[in-house]
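Everything on this sheet refers to the single structure shown next.
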Amino acid sequence: MSGRLPRFAMGSLLTLAAGCGADDSIPRDLKARLDSVLDVAKKEPTPDEVRDAMMRQLRVATPDTAAFPSREALGDFYAKHGHLLVWSDSTGKVLARTATLLDALGRAGDEGLEPRDYAVDRLSALAKEIADHPKGERAASRLADFDLLATTAFFRYASDLTTGRVHPDEVEKDWRANPPEIDVARALDEAIAQSQFPKLLASLPPPHPGYARLRDALNTLREIDAAGGWPAVPPGEKLGPRSSGPRVEALRQRLGQPEGDRFDAALTAAVKRFQSLNGIEPDGFAGDETLAALNVPVTDRIRQVELNLERWRWIPRSLGDPHVLVNVPGFDLELARGGEPAWRTRVVAGKAFTPTPILSDRIVAVVVNPPWNVPESITVGEYLPMLIKNPRALSRDGFKLLQGSGENEREIDPGSVDWRKVDPEHVPYRFRQDPGGKNPLGRLKFDLTNDLHIYLHDTPSGGVFGRTDRDVSHGCIRVQNALELADRIASDAARDKIHEALDQPEERRIDLDSKIPVHILYWTAWADEAGNLHFAPDIYGFDLPQRAALDRAAGKA
């Protein structure tokens, strides 16, 4: 016989050796082999044996290069560490940071993640095997298995928690919110070297107060789910102040009101509050839209909050100070200073077929009395049919027809153009509307730097801000109280120039001394400063494709 003994023979040979004692009748070569087996069973693995097991596992037992972390990334990490253990010592003693990691992975659900994505059960089982069997032939392999699995789990958890489980372009190709990046291997190296692993774990979630508030709301929803969820309100006719009966009793229970079957003033107030928190016109009546929102199962709301926690991971970790944040589904603009909201106002966003892009940018200037350069999509989709019927249909509203650019730009008489022969795919003209009362940009425009021609602006049509559903623009953001926003973001000198220009009819551009970061984002669930959880209609239909992308990433689809 030669080489290592088969595992199935080891038990019987150990029994034989124990029975034979020091019998000289045992052949000398067999006795030597039995002594070797007994030594293996009793000894702890040496550092060299653990290193060999680690290198073997890195060759054959890690994910392929298409997965994260790749075999190459893990190999590079362990090469820097001399292929030594990171999460336990060679005796199998688990290090303090390992217990901290396993605890964090077990509570990944608190962050809207899935603990099973990080092999928590397998890690716990391996840790028990190592504790129960710290010695023997398999000890080195068990230690290597545990270490590689723990490192893989940390890499995935750190990446998922900081930058998201999927990339935003899997949901919307024009999502430009500048997702952050993290070198997880370097971060772990530094944390180990500085003995600051708990600090590293604490730094992984998005550092924004809005994320923390939404995370707290998720845990509240999970408590409600564990208690059986919230009661449903049976379908039927609209409920209001004159209603009574079992359905009103169910509504009172759903909204946390005292028992009873009357639709009283307190219930009316509770319905209005619910409607305000769910993007519904707060009229105090429980009609079809309100009843549908009331009866969304808590499990669906949990999934919706998880989607929005993921979107927090897709935005820069530093938003700037001050910064402007626009939530498109919430039709809301917030100006923040020192990490706290300083001012907010209502906005109008793009329609579903002319959506507002999701992006991070900067406000670089305020334009007073801005002309409106009509986007080609509007010229083709809305104006061309009008011009075919009446070539001068836009002239009365201060529109000019232009051709060329720069020094070669010239004004064209729209009546001289045969609009029926204009190719919608290649329109050689563009329209510009002069400043004035009919100009949809109003008196102020906030210039950004993107190449999508998206900006914030004033509007002469203030009535739309009183609506709950304000997705009516062609993509740009209309701002209520635009002058107040300008006053709040401009320096004293720039503010004086803005007000001086407002007294004149001509266009004037005032560059801002400090460029103001602006983030146009998409949340269908968020928690306000008081901890109230809000939901908004998914106006652009991003929730379902995001859920599908997450399911694909988790291997569920």
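Within each chain, counting starts at residue 1; across the structure tokens, chains are named A, B, ... in the order shown, with ligands numbered 1 upward in that order.
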| said: Just want the 7 Å neighbourhood of region 284-293 of chain A, counted on only C-alpha atoms, with same-chain residues fewer than 3 positions away dropped. Output as a list in words. | reply: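 Residues meeting the cut-off are Lys238, Leu239, Gly240, Thr268, Ala269, Val271, Lys272, Gln275 and Val296 of chain A.
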For the residues selected in the previous step, produce a file with C-alpha atoms as a PDB file, in the first residue's frame.
ATOM      1  CA  LYS A 238     -67.636  54.856  -1.079  1.00  0.00           C
ATOM      2  CA  LEU A 239     -67.566  55.446   2.666  1.00  0.00           C
ATOM      3  CA  GLY A 240     -68.011  58.916   4.118  1.00  0.00           C
ATOM      4  CA  THR A 268     -62.591  61.638   8.549  1.00  0.00           C
ATOM      5  CA  ALA A 269     -59.343  63.153   9.809  1.00  0.00           C
ATOM      6  CA  VAL A 271     -58.759  59.009   6.313  1.00  0.00           C
ATOM      7  CA  LYS A 272     -57.366  62.365   5.175  1.00  0.00           C
ATOM      8  CA  GLN A 275     -54.628  59.746   1.880  1.00  0.00           C
ATOM      9  CA  VAL A 296     -52.453  46.561  -0.045  1.00  0.00           C
TER      10      VAL A 296
END
| So which bits of region 204-387 of chain A end up strand (DSSP E) when you DSSP the backbone, as an MDAnalysis selection string? | chainID A and resid 323:327 332:337 340:350 359:368 372:373
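With CA of Pro371 (chain A) on one side and CA of Arg420 (chain A) on the other, the separation reads 27.1 Å.
The environment of region 77-93 of chain A within 8 Å, counting only C-alpha atoms and disregarding residues fewer than 4 places along the same chain, consists of A:Glu44, A:Pro45, A:Thr46, A:Pro47, A:Val50, A:Arg51, A:Met54, A:Met55, A:Ala73, A:Arg97, A:Thr98, A:Ile130, A:Ala131, A:Pro134, A:Ala140, A:Leu143, A:Ala144, A:Asp147, A:Ala150, A:Ala185.
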Could you dump the residues just selected with C-alpha atoms as an mmCIF file, in the first residue's frame?
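Result went into again_21.cif, see below:
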data_model
loop_
_atom_site.group_PDB
_atom_site.id
_atom_site.type_symbol
_atom_site.label_atom_id
_atom_site.label_comp_id
_atom_site.auth_asym_id
_atom_site.auth_seq_id
_atom_site.Cartn_x
_atom_site.Cartn_y
_atom_site.Cartn_z
ATOM 1 C CA GLU A 44 -4.076 20.360 15.230
ATOM 2 C CA PRO A 45 -3.454 21.474 11.630
ATOM 3 C CA THR A 46 -0.214 23.295 11.049
ATOM 4 C CA PRO A 47 -0.110 26.719 9.347
ATOM 5 C CA VAL A 50 -4.011 25.320 6.393
ATOM 6 C CA ARG A 51 -2.186 27.337 3.722
ATOM 7 C CA MET A 54 -6.554 27.402 1.303
ATOM 8 C CA MET A 55 -4.646 27.401 -1.991
ATOM 9 C CA ALA A 73 -10.534 38.831 -6.543
ATOM 10 C CA ARG A 97 -14.448 40.190 14.088
ATOM 11 C CA THR A 98 -15.916 36.888 12.858
ATOM 12 C CA ILE A 130 -14.806 23.417 13.547
ATOM 13 C CA ALA A 131 -15.663 23.783 17.226
ATOM 14 C CA PRO A 134 -10.786 21.099 15.897
ATOM 15 C CA ALA A 140 -7.366 22.239 7.781
ATOM 16 C CA LEU A 143 -10.865 26.035 8.370
ATOM 17 C CA ALA A 144 -10.114 26.986 4.755
ATOM 18 C CA ASP A 147 -12.570 31.377 5.833
ATOM 19 C CA ALA A 150 -16.827 34.183 5.276
ATOM 20 C CA ALA A 185 -10.992 44.057 -0.463
#
| request: Provide the CA of Val366 (chain A) to CA of Ala490 (chain A) distance in Å, to one decimal place. | output: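 That distance, rounded to one decimal, is 8.8 Å.
Of the residues under consideration (A:Val233, A:Leu456, A:Val472, A:Leu448), A:Val472 shows the shortest atom-to-atom contact distance to Ala352 (chain A) when counting only C-alpha atoms.
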Can you tell me which residues surround Trp526 (chain A) at a distance of at most 12 Å, considering only C-alpha atoms, apart from same-chain residues fewer than 2 positions away, and format the answer as a PDB file with C-alpha atoms, in the first residue's frame?
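Result saved to part-v3.pdb:
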ATOM      1  CA  PRO A 209     -30.890  60.222   7.364  1.00  0.00           C
ATOM      2  CA  GLY A 210     -33.613  59.325   4.860  1.00  0.00           C
ATOM      3  CA  TYR A 211     -32.169  55.831   4.500  1.00  0.00           C
ATOM      4  CA  ALA A 212     -32.061  55.309   8.265  1.00  0.00           C
ATOM      5  CA  ARG A 213     -35.670  56.493   8.640  1.00  0.00           C
ATOM      6  CA  LEU A 214     -36.870  54.155   5.883  1.00  0.00           C
ATOM      7  CA  ARG A 215     -34.936  51.262   7.421  1.00  0.00           C
ATOM      8  CA  ASP A 216     -36.702  51.900  10.739  1.00  0.00           C
ATOM      9  CA  ALA A 217     -40.036  51.955   8.920  1.00  0.00           C
ATOM     10  CA  LEU A 218     -39.226  48.591   7.335  1.00  0.00           C
ATOM     11  CA  LEU A 277     -49.391  59.705   3.191  1.00  0.00           C
ATOM     12  CA  ASN A 278     -50.331  57.680   0.103  1.00  0.00           C
ATOM     13  CA  GLY A 279     -50.397  60.306  -2.635  1.00  0.00           C
ATOM     14  CA  ARG A 301     -45.484  47.273   1.343  1.00  0.00           C
ATOM     15  CA  ILE A 302     -42.428  45.540   2.815  1.00  0.00           C
ATOM     16  CA  GLN A 304     -41.869  48.223  -1.835  1.00  0.00           C
ATOM     17  CA  VAL A 305     -39.787  49.629   1.025  1.00  0.00           C
ATOM     18  CA  GLU A 306     -36.987  47.166   0.221  1.00  0.00           C
ATOM     19  CA  LEU A 307     -36.947  48.433  -3.380  1.00  0.00           C
ATOM     20  CA  ASN A 308     -36.583  52.003  -2.196  1.00  0.00           C
ATOM     21  CA  LEU A 309     -33.836  51.149   0.282  1.00  0.00           C
ATOM     22  CA  GLU A 310     -31.981  49.741  -2.730  1.00  0.00           C
ATOM     23  CA  ARG A 311     -32.425  53.044  -4.576  1.00  0.00           C
ATOM     24  CA  TRP A 312     -30.752  54.884  -1.702  1.00  0.00           C
ATOM     25  CA  ASN A 327     -38.414  63.137  -5.436  1.00  0.00           C
ATOM     26  CA  PRO A 329     -43.130  60.334  -7.537  1.00  0.00           C
ATOM     27  CA  GLY A 330     -43.586  62.515  -4.444  1.00  0.00           C
ATOM     28  CA  ASP A 332     -41.474  67.314  -3.840  1.00  0.00           C
ATOM     29  CA  LEU A 521     -34.474  60.800  -7.571  1.00  0.00           C
ATOM     30  CA  TYR A 522     -37.268  58.242  -7.631  1.00  0.00           C
ATOM     31  CA  TRP A 523     -38.808  57.023  -4.389  1.00  0.00           C
ATOM     32  CA  THR A 524     -42.206  55.386  -4.161  1.00  0.00           C
ATOM     33  CA  ASP A 528     -40.309  61.883   6.724  1.00  0.00           C
ATOM     34  CA  GLU A 529     -38.519  63.556   9.636  1.00  0.00           C
ATOM     35  CA  ALA A 530     -41.371  62.645  11.997  1.00  0.00           C
ATOM     36  CA  GLY A 531     -41.070  58.975  11.020  1.00  0.00           C
ATOM     37  CA  ASN A 532     -44.296  58.917   8.975  1.00  0.00           C
ATOM     38  CA  LEU A 533     -44.116  56.385   6.140  1.00  0.00           C
ATOM     39  CA  HIS A 534     -45.251  57.699   2.737  1.00  0.00           C
ATOM     40  CA  PHE A 535     -46.127  55.775  -0.422  1.00  0.00           C
ATOM     41  CA  ALA A 536     -46.541  57.235  -3.901  1.00  0.00           C
TER      42      ALA A 536
END
Which residues, written as a PDB file with N, CA and C atoms, in the first residue's frame, have at least one atom at most 10 Å from region 186-189 of chain A, with only C-alpha atoms counted and residues fewer than 2 positions away on the same chain left out?
ATOM      1  N   PHE A  77      -6.830  38.714  -2.845  1.00  0.00           N
ATOM      2  CA  PHE A  77      -6.967  39.084  -1.439  1.00  0.00           C
ATOM      3  C   PHE A  77      -6.139  38.152  -0.554  1.00  0.00           C
ATOM      4  N   LYS A  80      -2.318  38.507  -0.739  1.00  0.00           N
ATOM      5  CA  LYS A  80      -1.782  39.596   0.088  1.00  0.00           C
ATOM      6  C   LYS A  80      -1.633  39.169   1.548  1.00  0.00           C
ATOM      7  N   HIS A  81      -2.439  38.196   1.948  1.00  0.00           N
ATOM      8  CA  HIS A  81      -2.395  37.730   3.335  1.00  0.00           C
ATOM      9  C   HIS A  81      -1.595  36.437   3.475  1.00  0.00           C
ATOM     10  N   VAL A  86      -8.149  34.473   7.820  1.00  0.00           N
ATOM     11  CA  VAL A  86      -8.523  35.844   8.161  1.00  0.00           C
ATOM     12  C   VAL A  86      -9.542  35.875   9.295  1.00  0.00           C
ATOM     13  N   THR A 151     -15.212  35.270   3.811  1.00  0.00           N
ATOM     14  CA  THR A 151     -14.722  36.390   2.997  1.00  0.00           C
ATOM     15  C   THR A 151     -15.656  36.664   1.835  1.00  0.00           C
ATOM     16  N   PHE A 154     -18.704  38.395   3.204  1.00  0.00           N
ATOM     17  CA  PHE A 154     -18.448  39.806   3.512  1.00  0.00           C
ATOM     18  C   PHE A 154     -18.375  40.640   2.243  1.00  0.00           C
ATOM     19  N   PHE A 155     -17.644  40.177   1.237  1.00  0.00           N
ATOM     20  CA  PHE A 155     -17.517  40.942  -0.005  1.00  0.00           C
ATOM     21  C   PHE A 155     -18.899  41.225  -0.601  1.00  0.00           C
ATOM     22  N   ALA A 158     -20.958  43.633   1.756  1.00  0.00           N
ATOM     23  CA  ALA A 158     -20.451  45.004   1.695  1.00  0.00           C
ATOM     24  C   ALA A 158     -20.820  45.668   0.377  1.00  0.00           C
ATOM     25  N   ILE A 182     -17.036  51.028  -4.146  1.00  0.00           N
ATOM     26  CA  ILE A 182     -16.248  50.671  -2.970  1.00  0.00           C
ATOM     27  C   ILE A 182     -15.310  49.534  -3.340  1.00  0.00           C
ATOM     28  N   ASP A 183     -14.080  49.620  -2.899  1.00  0.00           N
ATOM     29  CA  ASP A 183     -13.110  48.541  -3.043  1.00  0.00           C
ATOM     30  C   ASP A 183     -13.207  47.720  -1.759  1.00  0.00           C
ATOM     31  N   VAL A 184     -14.020  46.650  -1.802  1.00  0.00           N
ATOM     32  CA  VAL A 184     -14.308  45.917  -0.577  1.00  0.00           C
ATOM     33  C   VAL A 184     -13.068  45.214  -0.036  1.00  0.00           C
ATOM     34  N   ALA A 191      -9.392  47.556   7.607  1.00  0.00           N
ATOM     35  CA  ALA A 191     -10.094  47.307   8.870  1.00  0.00           C
ATOM     36  C   ALA A 191      -9.363  46.265   9.699  1.00  0.00           C
ATOM     37  N   ILE A 192      -8.816  45.226   9.037  1.00  0.00           N
ATOM     38  CA  ILE A 192      -8.066  44.201   9.765  1.00  0.00           C
ATOM     39  C   ILE A 192      -6.779  44.786  10.321  1.00  0.00           C
ATOM     40  N   ALA A 193      -6.080  45.560   9.480  1.00  0.00           N
ATOM     41  CA  ALA A 193      -4.801  46.127   9.908  1.00  0.00           C
ATOM     42  C   ALA A 193      -4.975  47.083  11.087  1.00  0.00           C
ATOM     43  N   GLN A 194      -6.107  47.797  11.112  1.00  0.00           N
ATOM     44  CA  GLN A 194      -6.331  48.802  12.151  1.00  0.00           C
ATOM     45  C   GLN A 194      -7.236  48.308  13.273  1.00  0.00           C
ATOM     46  N   SER A 195      -7.595  47.015  13.213  1.00  0.00           N
ATOM     47  CA  SER A 195      -8.498  46.430  14.219  1.00  0.00           C
ATOM     48  C   SER A 195      -9.781  47.247  14.362  1.00  0.00           C
ATOM     49  N   GLN A 196     -10.366  47.596  13.205  1.00  0.00           N
ATOM     50  CA  GLN A 196     -11.572  48.430  13.214  1.00  0.00           C
ATOM     51  C   GLN A 196     -12.691  47.817  12.374  1.00  0.00           C
ATOM     52  N   PHE A 197     -12.850  46.497  12.460  1.00  0.00           N
ATOM     53  CA  PHE A 197     -13.873  45.845  11.655  1.00  0.00           C
ATOM     54  C   PHE A 197     -15.287  46.299  12.025  1.00  0.00           C
ATOM     55  N   LEU A 200     -15.935  49.445  10.237  1.00  0.00           N
ATOM     56  CA  LEU A 200     -16.160  49.236   8.805  1.00  0.00           C
ATOM     57  C   LEU A 200     -17.603  48.813   8.541  1.00  0.00           C
ATOM     58  N   LEU A 201     -18.109  47.846   9.318  1.00  0.00           N
ATOM     59  CA  LEU A 201     -19.495  47.397   9.127  1.00  0.00           C
ATOM     60  C   LEU A 201     -20.477  48.549   9.311  1.00  0.00           C
TER      61      LEU A 201
END
| field | Within 10 Å of Ile489 (chain A) using only C-alpha atoms, minus same-chain residues under 3 positions, as JSON, numbers by chain | value | {"A": [322, 323, 324, 335, 363, 366, 484, 485, 486, 492, 494, 495, 512, 513, 514, 515, 516]}
| task | Would you please work out which residue, of A:Arg317, A:Lys135, A:Arg71, A:Lys351, is nearest to Arg470 (chain A) when using only C-alpha atoms? | result |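 Closest residue, counting only C-alpha atoms: A:Lys351.
Once region 389-394 of chain A and its same-chain neighbours fewer than 3 positions away are set aside, Pro385, Met386, Asp397, Gly398, Phe399, Pro414, Gly415, Val417 and Trp419 of chain A remain within 8 Å of it when counting only C-alpha atoms.
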| field | Those of region 247-456 of chain A in DSSP alpha helix (DSSP H), formatted as a VMD selection string | value | chain A and resid 247 to 254 265 to 277 288 to 294 298 to 312 376 to 378 384 to 389
Atoms to include: N, CA and C atoms. Write the selected residues as a short mmCIF file (atom, residue, chain, number, x, y, z; two decimals), in the first residue's frame.
data_model
loop_
_atom_site.label_atom_id
_atom_site.label_comp_id
_atom_site.auth_asym_id
_atom_site.auth_seq_id
_atom_site.Cartn_x
_atom_site.Cartn_y
_atom_site.Cartn_z
N ARG A 247 -68.50 47.75 7.54
CA ARG A 247 -67.36 48.21 6.74
C ARG A 247 -66.70 49.42 7.40
N VAL A 248 -67.50 50.28 8.00
CA VAL A 248 -66.93 51.42 8.73
C VAL A 248 -66.17 50.91 9.95
N GLU A 249 -66.71 49.89 10.60
CA GLU A 249 -66.03 49.30 11.75
C GLU A 249 -64.66 48.76 11.33
N ALA A 250 -64.61 48.10 10.16
CA ALA A 250 -63.34 47.57 9.65
C ALA A 250 -62.37 48.71 9.30
N LEU A 251 -62.92 49.78 8.74
CA LEU A 251 -62.09 50.94 8.40
C LEU A 251 -61.50 51.57 9.66
N ARG A 252 -62.29 51.67 10.69
CA ARG A 252 -61.80 52.24 11.95
C ARG A 252 -60.67 51.37 12.51
N GLN A 253 -60.86 50.07 12.43
CA GLN A 253 -59.83 49.17 12.92
C GLN A 253 -58.55 49.30 12.09
N ARG A 254 -58.71 49.40 10.78
CA ARG A 254 -57.54 49.52 9.89
C ARG A 254 -56.74 50.78 10.19
N ALA A 265 -66.04 62.54 12.83
CA ALA A 265 -65.05 63.53 12.43
C ALA A 265 -63.63 63.01 12.61
N ALA A 266 -63.40 62.23 13.68
CA ALA A 266 -62.06 61.69 13.92
C ALA A 266 -61.66 60.70 12.82
N LEU A 267 -62.62 59.91 12.35
CA LEU A 267 -62.33 58.98 11.27
C LEU A 267 -62.07 59.74 9.96
N THR A 268 -62.83 60.81 9.74
CA THR A 268 -62.59 61.64 8.55
C THR A 268 -61.16 62.17 8.55
N ALA A 269 -60.71 62.64 9.70
CA ALA A 269 -59.34 63.15 9.81
C ALA A 269 -58.32 62.04 9.58
N ALA A 270 -58.62 60.85 10.08
CA ALA A 270 -57.70 59.72 9.91
C ALA A 270 -57.61 59.30 8.44
N VAL A 271 -58.75 59.34 7.74
CA VAL A 271 -58.76 59.01 6.31
C VAL A 271 -57.95 60.04 5.54
N LYS A 272 -58.13 61.32 5.86
CA LYS A 272 -57.37 62.36 5.17
C LYS A 272 -55.87 62.19 5.39
N ARG A 273 -55.51 61.86 6.61
CA ARG A 273 -54.08 61.65 6.90
C ARG A 273 -53.54 60.47 6.10
N PHE A 274 -54.29 59.37 6.06
CA PHE A 274 -53.87 58.22 5.28
C PHE A 274 -53.72 58.60 3.81
N GLN A 275 -54.68 59.34 3.28
CA GLN A 275 -54.63 59.75 1.88
C GLN A 275 -53.40 60.61 1.60
N SER A 276 -53.11 61.54 2.50
CA SER A 276 -51.94 62.40 2.33
C SER A 276 -50.65 61.60 2.32
N LEU A 277 -50.59 60.54 3.12
CA LEU A 277 -49.39 59.70 3.19
C LEU A 277 -49.28 58.74 2.02
N ASP A 288 -62.76 54.18 -4.14
CA ASP A 288 -62.05 53.04 -4.71
C ASP A 288 -60.53 53.16 -4.55
N GLU A 289 -59.97 54.34 -4.87
CA GLU A 289 -58.52 54.50 -4.80
C GLU A 289 -58.02 54.36 -3.37
N THR A 290 -58.74 54.96 -2.44
CA THR A 290 -58.33 54.88 -1.03
C THR A 290 -58.48 53.47 -0.49
N LEU A 291 -59.59 52.80 -0.83
CA LEU A 291 -59.79 51.43 -0.37
C LEU A 291 -58.72 50.51 -0.94
N ALA A 292 -58.34 50.71 -2.19
CA ALA A 292 -57.29 49.88 -2.78
C ALA A 292 -55.97 50.05 -2.03
N ALA A 293 -55.66 51.30 -1.68
CA ALA A 293 -54.42 51.55 -0.94
C ALA A 293 -54.48 50.97 0.47
N LEU A 294 -55.63 51.08 1.11
CA LEU A 294 -55.79 50.52 2.45
C LEU A 294 -55.60 49.01 2.46
N VAL A 298 -49.51 44.02 3.83
CA VAL A 298 -48.29 44.54 4.45
C VAL A 298 -47.05 43.92 3.80
N THR A 299 -47.17 42.67 3.33
CA THR A 299 -46.02 42.04 2.67
C THR A 299 -45.63 42.78 1.40
N ASP A 300 -46.64 43.30 0.67
CA ASP A 300 -46.34 44.08 -0.53
C ASP A 300 -45.68 45.40 -0.17
N ARG A 301 -46.11 46.02 0.91
CA ARG A 301 -45.48 47.27 1.34
C ARG A 301 -44.04 47.02 1.79
N ILE A 302 -43.79 45.88 2.41
CA ILE A 302 -42.43 45.54 2.82
C ILE A 302 -41.53 45.45 1.58
N ARG A 303 -42.01 44.78 0.55
CA ARG A 303 -41.21 44.66 -0.68
C ARG A 303 -40.99 46.03 -1.33
N GLN A 304 -42.01 46.88 -1.26
CA GLN A 304 -41.87 48.22 -1.83
C GLN A 304 -40.81 49.03 -1.08
N VAL A 305 -40.81 48.92 0.24
CA VAL A 305 -39.79 49.63 1.02
C VAL A 305 -38.40 49.08 0.71
N GLU A 306 -38.28 47.76 0.56
CA GLU A 306 -36.99 47.17 0.22
C GLU A 306 -36.47 47.70 -1.11
N LEU A 307 -37.35 47.86 -2.09
CA LEU A 307 -36.95 48.43 -3.38
C LEU A 307 -36.38 49.83 -3.21
N ASN A 308 -37.01 50.62 -2.37
CA ASN A 308 -36.58 52.00 -2.20
C ASN A 308 -35.32 52.12 -1.35
N LEU A 309 -35.11 51.20 -0.42
CA LEU A 309 -33.84 51.15 0.28
C LEU A 309 -32.71 50.88 -0.71
N GLU A 310 -32.97 50.01 -1.68
CA GLU A 310 -31.98 49.74 -2.73
C GLU A 310 -31.66 51.01 -3.52
N ARG A 311 -32.67 51.81 -3.81
CA ARG A 311 -32.43 53.04 -4.58
C ARG A 311 -31.57 54.04 -3.81
N TRP A 312 -31.64 54.03 -2.49
CA TRP A 312 -30.75 54.88 -1.70
C TRP A 312 -29.29 54.50 -1.94
N GLU A 376 -37.09 69.18 -29.84
CA GLU A 376 -37.54 68.64 -31.12
C GLU A 376 -38.69 67.66 -30.95
N SER A 377 -38.69 66.90 -29.84
CA SER A 377 -39.76 65.93 -29.62
C SER A 377 -41.12 66.62 -29.54
N ILE A 378 -41.15 67.82 -28.93
CA ILE A 378 -42.41 68.56 -28.83
C ILE A 378 -42.77 69.16 -30.19
N LEU A 384 -46.02 70.02 -35.10
CA LEU A 384 -46.05 69.76 -36.54
C LEU A 384 -47.47 69.53 -37.06
N PRO A 385 -48.31 68.73 -36.39
CA PRO A 385 -49.68 68.57 -36.88
C PRO A 385 -50.44 69.91 -36.92
N MET A 386 -50.17 70.80 -35.94
CA MET A 386 -50.83 72.10 -35.93
C MET A 386 -50.35 72.96 -37.09
N LEU A 387 -49.04 72.92 -37.37
CA LEU A 387 -48.47 73.76 -38.42
C LEU A 387 -48.90 73.32 -39.81
N ILE A 388 -49.16 72.02 -39.97
CA ILE A 388 -49.66 71.55 -41.27
C ILE A 388 -51.02 72.17 -41.56
N LYS A 389 -51.85 72.31 -40.51
CA LYS A 389 -53.16 72.93 -40.68
C LYS A 389 -53.07 74.44 -40.78
#
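One finds CA of Pro241 (chain A) at 18.1 Å from CA of Ile280 (chain A).
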